[in-house]
There are 2 protein chains.
Amino acid sequence: MPKKVDHEVRRRHIAEALHRVIDRDGLDAVSLREVAAEAGVSMGMVQHYFATKDEMLMFALEHLNARVGLRIATARNRDSPRELVRAAVLELLPLDDERRTEARIALAYLARSVVAVDLADLLRAALPHVIGFYAEQIRIAQGDGQVPANLDPEREATILFALVQGLVNPALIGHYTPEAVVAAVDYHLDRLFPRGNP
Amino acid sequence: MPKKVDHEVRRRHIAEALHRVIDRDGLDAVSLREVAAEAGVSMGMVQHYFATKDEMLMFALEHLNARVGLRIATARNRDSPRELVRAAVLELLPLDDERRTEARIALAYLARSVVAVDLADLLRAALPHVIGFYAEQIRIAQGDGQVPANLDPEREATILFALVQGLVNPALIGHYTPEAVVAAVDYHLDRLFPRGNP
DNA sequence: CACAATACAATGCACTCGCATTGTAAAAAG
DNA sequence: CTTTTTACAATGCGAGTGCATTGTATTGTG
């Protein structure tokens, strides 16, 4: 048969160009022509690998989800549950350019998910994993006496996740400095792990 | 001179139609023609009251900000600081259709603000007011002994606001029921006001 | 070598967009 | 009544959109 091309590689290449466009000019600026130009390929090629624009968007979001998930899973080599949770939390905050870019992209998808059910499904599916991880670590820390036994791990995980997500948007529009964001996180972690960092 | 028309009334009428379009189909679906149709007027009239589309969007956002700010200011007739803060917090959460609509609209603006500096400025300007209100109430409650004196009012206000904002998005995409959202808020308020609701 | 399937590239099409222009009706001012 | 200013309505335009179609070069398979 014909030429051998790794479809996954091409699709990822296009997806990353797509995300650069979102980061630079927003999701509204995403068009087949714009993505093709950013990726340095022809528009016909983009169409060859993605039948529709929506399919391209969905693939790119899954690709991003996988990337972030992998990075969080990699950060598991920490000493204490507190440090582990802290690292996972900071990974989601726009503290440097890379994370800032990711946060901007994630926000763009989130906004569209309000009127695009498929996107909402994808985003929602990622939540239990993160929150469950927090809850798991809190439970472990309770076993070690680092977290007060009277705290509800599930609720604390829910609140921690909301707190983190709620810091993202003000930080993105420049209301908090990265240092202020980290300080707020540590302030809350001090309460959650009063004896987790001796 | 000519016909007498209240410009503000017309502009608000158009702005509300614009927000109905955002709520139904997202900010991407906002076009001069669509807004005009939703408002039941001609496209020429929309152009008569707003020189550009951006001007229309900015006006509509200010209009929304004013509406929400007014509603929060109105809710000040509560017994305790805790109940006051709780009411102000619940006012921002998508617990019913009206608040849900507002949250969807606010999210749309927020996403665009990432690439539209003017919008970001408007959104950022609203934050200190809300967070300052929380901090003020926490300080008052500390004076009454309802909030532990060792808590930092500014930091607690920051965290409370972030927590609330962080609950909005998962609630919008259906990950939390309204009851779960309220439960999470009350769980955190129990910690913040351990003796605020005897 | 012949064939067929794949990987693009190029172009066309119907549609929508924001905005500018033009025309018209109405009413306040002189 | 005349004039002038305002309030719209209607239309046109160039640009950009997603997608379909067509053409062509390449390469593995029989």
# chains A, B, ... in the order shown; residues from 1 in each chain; ligands from 1
>>> interface_residues(of="chain B", to="chain C", cutoff="12 Å", atoms="only C-alpha atoms (C1' of nucleotides)", output="list in words")
Met1, Pro2, Lys3, Lys4, Val5, Asp28, Ala29, Val30, Ser31, Leu32, Arg33, Glu34, Met43, Gly44, Gln47, His48, Phe50, Ala51, Thr52, Lys53 and Asp54 of chain B
>>> interface_residues(of="chain D", to="chain A", cutoff="6 Å", atoms="only C-alpha atoms (C1' of nucleotides)", output="count of residues only")
3
>>> select_by_dssp(residues="chain B", states="helix (DSSP H, G or I)", output="ChimeraX atom specification")
/B:7-25,27-29,32-39,43-49,53-74,81-90,97-113,117-143,153-172,178-192
>>> atom_distance(atom1="atom CA of Ala108 of chain B", atom2="atom CA of Val35 of chain B")
15.8 Å
>>> atom_distance(atom1="atom CA of Thr177 of chain A", atom2="atom CA of Val164 of chain B")
19.5 Å
>>> closest_residue(among="A:Leu189, A:Leu57, A:Val114, A:Ala88", to="chain B", atoms="only C-alpha atoms")
A:Val114
>>> atom_distance(atom1="atom C1' of DT21 of chain D", atom2="atom CA of Val46 of chain A")
15.8 Å
>>> residues_around(residues="Leu84 of chain A", least_positions_apart="4", cutoff="10 Å", atoms="only C-alpha atoms (C1' of nucleotides)", output="PyMOL selection string")
chain A and resi 72+75-80+88-89+134+137
>>> write_last_selection(atoms="C-alpha atoms", output="mmCIF file, in the first residue's frame")
data_model
loop_
_atom_site.group_PDB
_atom_site.id
_atom_site.type_symbol
_atom_site.label_atom_id
_atom_site.label_comp_id
_atom_site.auth_asym_id
_atom_site.auth_seq_id
_atom_site.Cartn_x
_atom_site.Cartn_y
_atom_site.Cartn_z
ATOM 1 C CA ILE A 72 0.922 14.711 37.863
ATOM 2 C CA ALA A 75 5.375 13.916 40.475
ATOM 3 C CA ARG A 76 4.582 11.136 42.921
ATOM 4 C CA ASN A 77 8.096 10.848 44.315
ATOM 5 C CA ARG A 78 7.679 13.004 47.396
ATOM 6 C CA ASP A 79 8.385 12.369 51.018
ATOM 7 C CA SER A 80 5.161 13.242 52.779
ATOM 8 C CA ALA A 88 0.076 18.108 42.538
ATOM 9 C CA VAL A 89 -1.710 21.325 43.393
ATOM 10 C CA TYR A 134 -6.432 14.404 47.118
ATOM 11 C CA GLN A 137 -3.560 11.350 50.334
#
>>> interface_residues(of="chain B", to="chain A", cutoff="9 Å", atoms="only C-alpha atoms", output="NGL selection string")
:B and (23-28 or 104 or 107-115 or 117 or 120-121 or 123-125 or 127-128 or 155-156 or 158-170 or 172-175 or 183-185 or 187-188)
>>> write_last_selection(atoms="N, CA and C atoms", output="CSV table (one decimal), in the first residue's frame")
chain,number,residue,atom,x,y,z
B,23,ASP,N,-26.1,33.0,27.0
B,23,ASP,CA,-26.6,31.9,27.8
B,23,ASP,C,-27.0,30.8,27.0
B,24,ARG,N,-27.6,31.0,25.9
B,24,ARG,CA,-28.2,30.0,25.0
B,24,ARG,C,-27.1,29.3,24.2
B,25,ASP,N,-26.3,30.1,23.5
B,25,ASP,CA,-25.4,29.6,22.5
B,25,ASP,C,-24.0,29.9,22.7
B,26,GLY,N,-23.7,30.7,23.7
B,26,GLY,CA,-22.3,31.0,23.9
B,26,GLY,C,-21.9,32.3,23.3
B,27,LEU,N,-20.7,32.8,23.7
B,27,LEU,CA,-20.3,34.1,23.2
B,27,LEU,C,-19.9,34.1,21.8
B,28,ASP,N,-19.5,32.9,21.3
B,28,ASP,CA,-19.2,32.8,19.9
B,28,ASP,C,-20.4,33.1,19.0
B,104,ARG,N,-22.8,31.3,33.7
B,104,ARG,CA,-22.4,30.9,32.3
B,104,ARG,C,-21.9,32.2,31.6
B,107,LEU,N,-18.5,33.3,32.9
B,107,LEU,CA,-17.5,32.4,32.4
B,107,LEU,C,-17.1,32.7,31.0
B,108,ALA,N,-18.1,33.0,30.2
B,108,ALA,CA,-17.8,33.4,28.8
B,108,ALA,C,-17.0,34.7,28.7
B,109,TYR,N,-17.3,35.7,29.5
B,109,TYR,CA,-16.5,36.9,29.5
B,109,TYR,C,-15.1,36.6,30.0
B,110,LEU,N,-15.0,35.8,31.1
B,110,LEU,CA,-13.7,35.5,31.6
B,110,LEU,C,-12.8,34.8,30.6
B,111,ALA,N,-13.3,33.9,29.8
B,111,ALA,CA,-12.5,33.2,28.8
B,111,ALA,C,-12.1,34.2,27.8
B,112,ARG,N,-12.9,35.1,27.4
B,112,ARG,CA,-12.5,36.1,26.4
B,112,ARG,C,-11.5,37.0,27.0
B,113,SER,N,-11.6,37.3,28.2
B,113,SER,CA,-10.7,38.3,28.9
B,113,SER,C,-9.2,37.9,28.7
B,114,VAL,N,-9.0,36.6,28.5
B,114,VAL,CA,-7.6,36.1,28.4
B,114,VAL,C,-7.0,36.7,27.2
B,115,VAL,N,-7.7,37.0,26.2
B,115,VAL,CA,-7.2,37.6,25.0
B,115,VAL,C,-7.7,39.0,24.7
B,117,VAL,N,-7.8,42.5,26.7
B,117,VAL,CA,-7.3,43.2,27.9
B,117,VAL,C,-8.3,44.1,28.6
B,120,ALA,N,-10.5,42.0,30.8
B,120,ALA,CA,-9.7,41.6,32.0
B,120,ALA,C,-9.7,42.8,33.0
B,121,ASP,N,-9.5,44.0,32.5
B,121,ASP,CA,-9.5,45.1,33.4
B,121,ASP,C,-10.8,45.2,34.2
B,123,LEU,N,-13.0,42.9,34.7
B,123,LEU,CA,-13.3,41.8,35.7
B,123,LEU,C,-12.4,41.9,36.9
B,124,ARG,N,-11.1,42.3,36.7
B,124,ARG,CA,-10.2,42.4,37.8
B,124,ARG,C,-10.7,43.5,38.8
B,125,ALA,N,-11.3,44.6,38.3
B,125,ALA,CA,-11.7,45.7,39.1
B,125,ALA,C,-12.8,45.2,40.1
B,127,LEU,N,-13.0,42.4,41.7
B,127,LEU,CA,-12.5,41.4,42.7
B,127,LEU,C,-12.2,42.0,44.1
B,128,PRO,N,-11.5,43.1,44.2
B,128,PRO,CA,-11.1,43.6,45.5
B,128,PRO,C,-12.4,44.0,46.3
B,155,ARG,N,-6.3,36.6,54.3
B,155,ARG,CA,-6.0,35.3,53.7
B,155,ARG,C,-7.3,34.5,53.7
B,156,GLU,N,-8.0,34.5,54.7
B,156,GLU,CA,-9.3,33.7,54.8
B,156,GLU,C,-10.3,34.2,53.7
B,158,THR,N,-9.4,35.7,50.9
B,158,THR,CA,-8.9,35.2,49.6
B,158,THR,C,-9.3,33.7,49.4
B,159,ILE,N,-9.1,32.9,50.4
B,159,ILE,CA,-9.4,31.5,50.2
B,159,ILE,C,-10.8,31.2,50.1
B,160,LEU,N,-11.6,32.0,50.8
B,160,LEU,CA,-13.1,31.8,50.7
B,160,LEU,C,-13.5,32.1,49.3
B,161,PHE,N,-13.0,33.2,48.8
B,161,PHE,CA,-13.4,33.6,47.4
B,161,PHE,C,-13.0,32.6,46.4
B,162,ALA,N,-11.8,32.2,46.5
B,162,ALA,CA,-11.3,31.1,45.6
B,162,ALA,C,-12.1,29.9,45.7
B,163,LEU,N,-12.4,29.5,46.9
B,163,LEU,CA,-13.2,28.3,47.1
B,163,LEU,C,-14.6,28.4,46.3
B,164,VAL,N,-15.2,29.6,46.5
B,164,VAL,CA,-16.5,29.8,45.9
B,164,VAL,C,-16.3,29.8,44.3
B,165,GLN,N,-15.4,30.5,43.8
B,165,GLN,CA,-15.1,30.5,42.4
B,165,GLN,C,-14.8,29.1,41.9
B,166,GLY,N,-14.1,28.4,42.6
B,166,GLY,CA,-13.7,27.0,42.2
B,166,GLY,C,-14.9,26.1,42.2
B,167,LEU,N,-15.9,26.4,43.0
B,167,LEU,CA,-17.1,25.5,43.0
B,167,LEU,C,-18.0,25.8,41.7
B,168,VAL,N,-17.8,27.0,41.2
B,168,VAL,CA,-18.7,27.4,40.1
B,168,VAL,C,-18.6,26.5,38.9
B,169,ASN,N,-17.3,26.3,38.5
B,169,ASN,CA,-17.1,25.6,37.2
B,169,ASN,C,-17.5,24.1,37.2
B,170,PRO,N,-17.1,23.4,38.2
B,170,PRO,CA,-17.6,22.0,38.3
B,170,PRO,C,-19.1,21.9,38.4
B,172,LEU,N,-21.2,24.0,37.1
B,172,LEU,CA,-21.7,24.4,35.8
B,172,LEU,C,-21.7,23.2,34.9
B,173,ILE,N,-20.7,22.4,34.9
B,173,ILE,CA,-20.7,21.3,34.0
B,173,ILE,C,-21.3,20.0,34.6
B,174,GLY,N,-22.0,20.2,35.7
B,174,GLY,CA,-22.8,19.2,36.2
B,174,GLY,C,-22.1,18.2,37.1
B,175,HIS,N,-20.9,18.5,37.6
B,175,HIS,CA,-20.2,17.6,38.5
B,175,HIS,C,-20.7,17.6,39.9
B,183,ALA,N,-23.4,22.3,50.6
B,183,ALA,CA,-22.8,21.5,51.7
B,183,ALA,C,-21.3,21.8,51.8
B,184,ALA,N,-20.6,21.9,50.7
B,184,ALA,CA,-19.2,22.2,50.8
B,184,ALA,C,-19.0,23.6,51.4
B,185,VAL,N,-19.8,24.6,51.0
B,185,VAL,CA,-19.7,25.9,51.5
B,185,VAL,C,-19.9,25.9,53.0
B,187,TYR,N,-19.6,23.4,55.1
B,187,TYR,CA,-18.5,22.7,55.7
B,187,TYR,C,-17.3,23.7,56.0
B,188,HIS,N,-17.0,24.5,55.0
B,188,HIS,CA,-15.9,25.4,55.2
B,188,HIS,C,-16.3,26.5,56.2
>>> residues_around(residues="Pro81 of chain A", least_positions_apart="4", cutoff="10 Å", atoms="only C-alpha atoms (C1' of nucleotides)", output="ChimeraX atom specification")
/A:76,85-87,134,136-142,144,146-147,193,196-197
>>> write_last_selection(atoms="N, CA and C atoms", output="compact mmCIF listing (two decimals), in the first residue's frame")
# COMPACT_ATOMS: atom_id res chain seq x y z
N ARG A 76 4.97 11.87 41.72
CA ARG A 76 4.58 11.14 42.92
C ARG A 76 5.74 10.86 43.87
N VAL A 85 0.71 16.27 47.83
CA VAL A 85 -0.49 17.05 47.48
C VAL A 85 -0.08 18.44 47.02
N ARG A 86 0.86 19.02 47.71
CA ARG A 86 1.29 20.37 47.36
C ARG A 86 1.84 20.40 45.93
N ALA A 87 2.66 19.42 45.61
CA ALA A 87 3.23 19.37 44.26
C ALA A 87 2.13 19.21 43.21
N TYR A 134 -6.56 13.58 45.92
CA TYR A 134 -6.43 14.40 47.12
C TYR A 134 -6.99 13.66 48.34
N GLU A 136 -7.42 10.55 48.85
CA GLU A 136 -6.60 9.39 49.20
C GLU A 136 -5.39 9.82 50.04
N GLN A 137 -4.75 10.89 49.61
CA GLN A 137 -3.56 11.35 50.33
C GLN A 137 -3.93 11.88 51.72
N ILE A 138 -5.09 12.53 51.79
CA ILE A 138 -5.53 13.04 53.09
C ILE A 138 -5.79 11.88 54.04
N ARG A 139 -6.38 10.82 53.52
CA ARG A 139 -6.64 9.65 54.36
C ARG A 139 -5.33 9.04 54.85
N ILE A 140 -4.37 8.93 53.96
CA ILE A 140 -3.07 8.39 54.36
C ILE A 140 -2.46 9.24 55.46
N ALA A 141 -2.55 10.55 55.27
CA ALA A 141 -1.96 11.46 56.26
C ALA A 141 -2.69 11.37 57.59
N GLN A 142 -3.97 11.10 57.53
CA GLN A 142 -4.70 10.91 58.79
C GLN A 142 -4.19 9.68 59.52
N ASP A 144 -1.23 8.65 59.52
CA ASP A 144 0.06 9.00 60.12
C ASP A 144 -0.07 10.10 61.17
N GLN A 146 -0.89 13.14 60.61
CA GLN A 146 -0.51 14.46 60.09
C GLN A 146 -1.72 15.34 59.82
N VAL A 147 -2.86 14.69 59.64
CA VAL A 147 -4.11 15.42 59.42
C VAL A 147 -5.07 15.04 60.53
N PHE A 193 -2.85 20.19 57.11
CA PHE A 193 -1.79 19.31 57.63
C PHE A 193 -1.06 20.02 58.77
N GLY A 196 1.97 18.03 59.33
CA GLY A 196 2.42 17.27 58.17
C GLY A 196 3.80 17.66 57.69
N ASN A 197 4.35 18.72 58.25
CA ASN A 197 5.63 19.24 57.75
C ASN A 197 6.49 19.67 58.92
>>> residues_around(residues="Ala17 of chain B", least_positions_apart="6", cutoff="8 Å", atoms="only C-alpha atoms (C1' of nucleotides)", output="list in words")
Val35, Ala36, Glu38 and Ala39 of chain B
>>> decode(residues="chain C", atoms="N, CA and C atoms (P, O5', C5', C4', C3', O3' and C1' of nucleotides)", output="short mmCIF file (atom, residue, chain, number, x, y, z; two decimals), in the first residue's frame")
data_model
loop_
_atom_site.label_atom_id
_atom_site.label_comp_id
_atom_site.auth_asym_id
_atom_site.auth_seq_id
_atom_site.Cartn_x
_atom_site.Cartn_y
_atom_site.Cartn_z
P DC C 1 9.70 -1.13 -14.60
"O5'" DC C 1 8.49 -1.53 -15.50
"C5'" DC C 1 8.44 -2.84 -16.04
"C4'" DC C 1 7.04 -3.39 -15.89
"C3'" DC C 1 5.96 -2.32 -15.87
"O3'" DC C 1 4.85 -2.78 -16.63
"C1'" DC C 1 5.80 -3.63 -13.90
P DA C 2 3.69 -1.75 -17.00
"O5'" DA C 2 2.56 -2.19 -15.97
"C5'" DA C 2 2.04 -3.51 -16.02
"C4'" DA C 2 0.90 -3.66 -15.04
"C3'" DA C 2 -0.12 -2.51 -15.05
"O3'" DA C 2 -1.42 -3.06 -14.89
"C1'" DA C 2 0.89 -2.67 -12.90
P DC C 3 -2.71 -2.15 -15.02
"O5'" DC C 3 -3.25 -2.11 -13.52
"C5'" DC C 3 -3.20 -3.29 -12.73
"C4'" DC C 3 -3.37 -2.93 -11.25
"C3'" DC C 3 -4.40 -1.83 -10.99
"O3'" DC C 3 -5.37 -2.33 -10.10
"C1'" DC C 3 -2.39 -1.42 -9.79
P DA C 4 -6.79 -1.63 -9.94
"O5'" DA C 4 -6.80 -1.33 -8.37
"C5'" DA C 4 -6.12 -2.21 -7.49
"C4'" DA C 4 -5.68 -1.48 -6.23
"C3'" DA C 4 -6.65 -0.40 -5.76
"O3'" DA C 4 -6.74 -0.46 -4.36
"C1'" DA C 4 -4.53 0.54 -6.03
P DA C 5 -8.10 -0.21 -3.60
"O5'" DA C 5 -7.59 0.38 -2.21
"C5'" DA C 5 -6.43 -0.21 -1.62
"C4'" DA C 5 -5.48 0.86 -1.12
"C3'" DA C 5 -6.15 2.02 -0.37
"O3'" DA C 5 -5.57 2.09 0.92
"C1'" DA C 5 -4.56 2.83 -1.91
P DT C 6 -6.29 2.77 2.11
"O5'" DT C 6 -5.33 4.02 2.39
"C5'" DT C 6 -3.96 3.77 2.67
"C4'" DT C 6 -3.12 4.94 2.23
"C3'" DT C 6 -3.38 6.27 2.94
"O3'" DT C 6 -2.29 6.51 3.81
"C1'" DT C 6 -2.92 6.54 0.62
P DA C 7 -2.32 7.70 4.83
"O5'" DA C 7 -1.67 8.89 3.98
"C5'" DA C 7 -0.32 8.79 3.56
"C4'" DA C 7 0.11 10.09 2.91
"C3'" DA C 7 -0.30 11.35 3.69
"O3'" DA C 7 0.75 12.33 3.62
"C1'" DA C 7 -1.20 11.44 1.52
P DC C 8 0.79 13.40 4.79
"O5'" DC C 8 -0.41 14.33 4.36
"C5'" DC C 8 -0.16 15.65 3.96
"C4'" DC C 8 -0.18 15.75 2.43
"C3'" DC C 8 -0.47 17.12 1.90
"O3'" DC C 8 0.73 17.81 1.63
"C1'" DC C 8 -1.52 15.38 0.61
P DA C 9 0.78 19.35 1.85
"O5'" DA C 9 0.19 19.92 0.49
"C5'" DA C 9 0.76 19.48 -0.74
"C4'" DA C 9 -0.02 20.10 -1.89
"C3'" DA C 9 -0.44 21.54 -1.67
"O3'" DA C 9 -0.10 22.29 -2.82
"C1'" DA C 9 -2.35 20.20 -2.19
P DA C 10 -0.28 23.88 -2.85
"O5'" DA C 10 -1.59 24.04 -3.73
"C5'" DA C 10 -1.91 23.03 -4.68
"C4'" DA C 10 -3.23 23.36 -5.36
"C3'" DA C 10 -3.67 24.81 -5.20
"O3'" DA C 10 -4.11 25.30 -6.45
"C1'" DA C 10 -5.36 23.37 -4.39
P DT C 11 -4.49 26.84 -6.63
"O5'" DT C 11 -6.08 26.76 -6.76
"C5'" DT C 11 -6.65 25.65 -7.46
"C4'" DT C 11 -8.10 25.50 -7.11
"C3'" DT C 11 -8.89 26.80 -7.01
"O3'" DT C 11 -9.88 26.80 -8.03
"C1'" DT C 11 -9.46 25.28 -5.29
P DG C 12 -10.78 28.11 -8.28
"O5'" DG C 12 -12.21 27.59 -7.82
"C5'" DG C 12 -12.55 26.21 -8.05
"C4'" DG C 12 -13.85 25.88 -7.37
"C3'" DG C 12 -14.84 27.04 -7.29
"O3'" DG C 12 -16.15 26.54 -7.53
"C1'" DG C 12 -14.36 26.25 -5.11
P DC C 13 -17.34 27.54 -7.76
"O5'" DC C 13 -18.24 27.27 -6.48
"C5'" DC C 13 -18.34 25.95 -5.96
"C4'" DC C 13 -19.17 25.97 -4.70
"C3'" DC C 13 -20.10 27.18 -4.58
"O3'" DC C 13 -21.35 26.78 -4.10
"C1'" DC C 13 -18.69 27.07 -2.71
P DA C 14 -22.66 27.56 -4.63
"O5'" DA C 14 -23.51 27.66 -3.29
"C5'" DA C 14 -23.56 26.54 -2.41
"C4'" DA C 14 -23.48 27.00 -0.97
"C3'" DA C 14 -24.41 28.18 -0.62
"O3'" DA C 14 -25.17 27.83 0.51
"C1'" DA C 14 -22.23 28.63 0.11
P DC C 15 -26.33 28.79 1.03
"O5'" DC C 15 -25.68 29.49 2.30
"C5'" DC C 15 -25.01 28.68 3.28
"C4'" DC C 15 -24.14 29.52 4.17
"C3'" DC C 15 -24.80 30.80 4.70
"O3'" DC C 15 -25.11 30.61 6.09
"C1'" DC C 15 -22.49 31.10 4.14
P DT C 16 -26.00 31.61 6.89
"O5'" DT C 16 -24.89 32.44 7.68
"C5'" DT C 16 -23.90 31.76 8.44
"C4'" DT C 16 -22.85 32.74 8.89
"C3'" DT C 16 -23.44 34.05 9.44
"O3'" DT C 16 -23.02 34.21 10.79
"C1'" DT C 16 -21.67 34.47 7.89
P DC C 17 -23.53 35.36 11.69
"O5'" DC C 17 -22.31 36.38 11.63
"C5'" DC C 17 -21.02 35.92 12.04
"C4'" DC C 17 -19.95 36.92 11.66
"C3'" DC C 17 -20.32 38.36 11.94
"O3'" DC C 17 -19.95 38.67 13.27
"C1'" DC C 17 -19.29 38.12 9.77
P DG C 18 -20.57 39.91 14.02
"O5'" DG C 18 -19.64 41.09 13.54
"C5'" DG C 18 -18.24 41.04 13.78
"C4'" DG C 18 -17.57 42.20 13.11
"C3'" DG C 18 -18.04 43.59 13.56
"O3'" DG C 18 -16.93 44.46 13.62
"C1'" DG C 18 -18.49 43.30 11.24
P DC C 19 -17.11 45.90 14.30
"O5'" DC C 19 -17.29 46.82 13.01
"C5'" DC C 19 -16.44 46.61 11.89
"C4'" DC C 19 -16.98 47.35 10.68
"C3'" DC C 19 -17.57 48.74 10.94
"O3'" DC C 19 -16.74 49.70 10.29
"C1'" DC C 19 -18.91 47.49 9.43
P DA C 20 -17.11 51.25 10.38
"O5'" DA C 20 -17.58 51.58 8.89
"C5'" DA C 20 -16.95 50.90 7.80
"C4'" DA C 20 -17.57 51.36 6.49
"C3'" DA C 20 -18.05 52.81 6.49
"O3'" DA C 20 -17.74 53.43 5.25
"C1'" DA C 20 -19.90 51.35 6.09
P DT C 21 -18.22 54.93 4.97
"O5'" DT C 21 -19.54 54.76 4.11
"C5'" DT C 21 -19.57 53.74 3.11
"C4'" DT C 21 -20.94 53.71 2.46
"C3'" DT C 21 -21.60 55.07 2.30
"O3'" DT C 21 -21.99 55.26 0.95
"C1'" DT C 21 -23.10 53.55 3.33
P DT C 22 -22.54 56.69 0.47
"O5'" DT C 22 -24.11 56.43 0.39
"C5'" DT C 22 -24.58 55.21 -0.16
"C4'" DT C 22 -26.06 55.07 0.09
"C3'" DT C 22 -26.86 56.37 -0.03
"O3'" DT C 22 -27.92 56.20 -0.97
"C1'" DT C 22 -27.40 55.25 1.98
P DG C 23 -28.84 57.42 -1.40
"O5'" DG C 23 -30.21 57.05 -0.66
"C5'" DG C 23 -30.70 55.72 -0.72
"C4'" DG C 23 -31.90 55.57 0.19
"C3'" DG C 23 -32.87 56.75 0.18
"O3'" DG C 23 -34.21 56.28 0.11
"C1'" DG C 23 -32.17 56.29 2.39
P DT C 24 -35.42 57.26 -0.20
"O5'" DT C 24 -36.20 57.27 1.19
"C5'" DT C 24 -36.47 56.04 1.85
"C4'" DT C 24 -37.00 56.29 3.25
"C3'" DT C 24 -37.96 57.48 3.36
"O3'" DT C 24 -39.04 57.12 4.20
"C1'" DT C 24 -36.25 57.69 4.94
P DA C 25 -40.52 57.70 3.89
"O5'" DA C 25 -41.15 57.80 5.36
"C5'" DA C 25 -40.94 56.73 6.28
"C4'" DA C 25 -40.72 57.29 7.67
"C3'" DA C 25 -41.67 58.43 8.05
"O3'" DA C 25 -42.28 58.13 9.29
"C1'" DA C 25 -39.43 59.03 8.51
P DA C 26 -43.57 58.86 9.80
"O5'" DA C 26 -43.02 59.65 11.07
"C5'" DA C 26 -42.20 58.94 12.01
"C4'" DA C 26 -41.46 59.94 12.89
"C3'" DA C 26 -42.30 61.15 13.33
"O3'" DA C 26 -42.13 61.32 14.72
"C1'" DA C 26 -40.25 61.86 12.43
P DA C 27 -43.36 61.85 15.62
"O5'" DA C 27 -42.64 62.93 16.54
"C5'" DA C 27 -41.35 62.64 17.06
"C4'" DA C 27 -40.48 63.86 17.09
"C3'" DA C 27 -41.22 65.16 17.49
"O3'" DA C 27 -40.43 65.87 18.41
"C1'" DA C 27 -40.02 65.50 15.52
P DA C 28 -41.12 66.34 19.81
"O5'" DA C 28 -40.14 67.51 20.28
"C5'" DA C 28 -38.78 67.20 20.57
"C4'" DA C 28 -37.84 68.19 19.91
"C3'" DA C 28 -38.04 69.66 20.30
"O3'" DA C 28 -36.79 70.24 20.62
"C1'" DA C 28 -38.00 69.45 17.95
P DA C 29 -36.73 71.68 21.26
"O5'" DA C 29 -36.24 72.57 20.02
"C5'" DA C 29 -34.98 72.26 19.43
"C4'" DA C 29 -34.63 73.30 18.37
"C3'" DA C 29 -34.87 74.76 18.80
"O3'" DA C 29 -33.84 75.58 18.25
"C1'" DA C 29 -36.20 74.27 16.90
P DG C 30 -33.78 77.07 18.77
"O5'" DG C 30 -34.29 77.89 17.52
"C5'" DG C 30 -33.46 77.98 16.36
"C4'" DG C 30 -34.24 78.64 15.22
"C3'" DG C 30 -34.82 79.99 15.60
"O3'" DG C 30 -34.05 81.05 15.02
"C1'" DG C 30 -36.42 78.61 14.43
#
